[in-house]
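Visitor: Dropping a structure here in structure tokens format, bear with me for questions.
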Amino acid sequence: MVKALDIFSGFSVNDIPAAKAFYADTLGLQVTDGPMGNLDLALPSGSHVFIYPKDDHTPATFTILNLVVENIDDAVDELNAKGVKTDIYDDPNLPTDAKGVLRGKDVDRGPNIAWFLDPAGNVVSVLEN
């Protein structure tokens with residue numbers, strides 16, 4: 001068995017300055033420059049995410065980060081006020097409302113959740129605790 005000393009996740013972006021501005025300024029997360037032209041995203045739990053540049057980046061089609069929030073409507077309103085579009089899916093299997101929120105708690109389908117894209121096109125979400 002592999003004895004891991006630490007574990008972290010990572011994802012690629014095509015524009016490091018745009019990613020830094022989005023994650024730090026728009027989302028209000030702690031982001032620092034890394035030693036290899038990358039970014040270090042500090043999570044509230046103490047973990048870190050490695051964000052690295054990739055010239056031939058292809059956006060992730062799955063959710064790369066889930067931000068747990070107390071109130072989904074407040075979070076979505078704040079994101080929308082900052083120009084972040086949360087109504088990104090038109091899928092009958094993900095029935096979202098006009099704000100882009102899947103009201104999962106109302107229909108026993110998991111948490112209330114809204115998805116949006118980072119500047120590189122990766123999928124991110126806010127979900128209600």
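In the structure tokens, chains take letters A, B, ... by order of appearance, with residues numbered from 1 within each chain and ligands from 1 in the order shown.
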To test your reading of the structure, identify every residue in chain A that backbone DSSP assigns to strand (DSSP E or B), and report it as a ChimeraX atom specification.

Guide: /A:9-13,30-33,39-42,48-53,63-69,91,94,96,101-103,112-117,123-128

Visitor: Counting only C-alpha atoms, which residues of range 92-128 of chain A fall within 6 Å of range 61-77 of chain A, and what is the closest atom pair for each with its distance in Å at one decimal, ordered by chain and rising number, as CSV?

Guide:
```
residue,atom,partner,partner_atom,distance
A:Val123,CA,A:Thr63,CA,4.7
A:Val124,CA,A:Leu65,CA,5.0
A:Ser125,CA,A:Asn66,CA,4.8
A:Val126,CA,A:Leu67,CA,4.6
A:Leu127,CA,A:Val68,CA,5.0
A:Glu128,CA,A:Val69,CA,5.0
```

Visitor: In Å, with one decimal, what is the gap from CA of Lys99 in chain A to CA of Lys20 in chain A?

Guide: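 Result for CA of Lys99 in chain A versus CA of Lys20 in chain A: 25.4 Å, one decimal.
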
Visitor: I need the residue nearest Asn80 in chain A from this list: A:Ser45, A:Leu94, A:Thr58, A:Ala114. Use only C-alpha atoms for the distance.

Guide: A:Ala114

Visitor: So the first atom is CA of Met36 in chain A and the second is CA of Ser9 in chain A; what is the distance between them in Å, to one decimal place?

Guide: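 It comes out at 16.1 Å.
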
Visitor: Taking only C-alpha atoms into account, name the residue in A:Val2, A:Val84, A:Ile113, A:Val13 that is nearest to Asp97 in chain A.

Guide: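 Among the listed residues, A:Ile113 lies closest to Asp97 in chain A.
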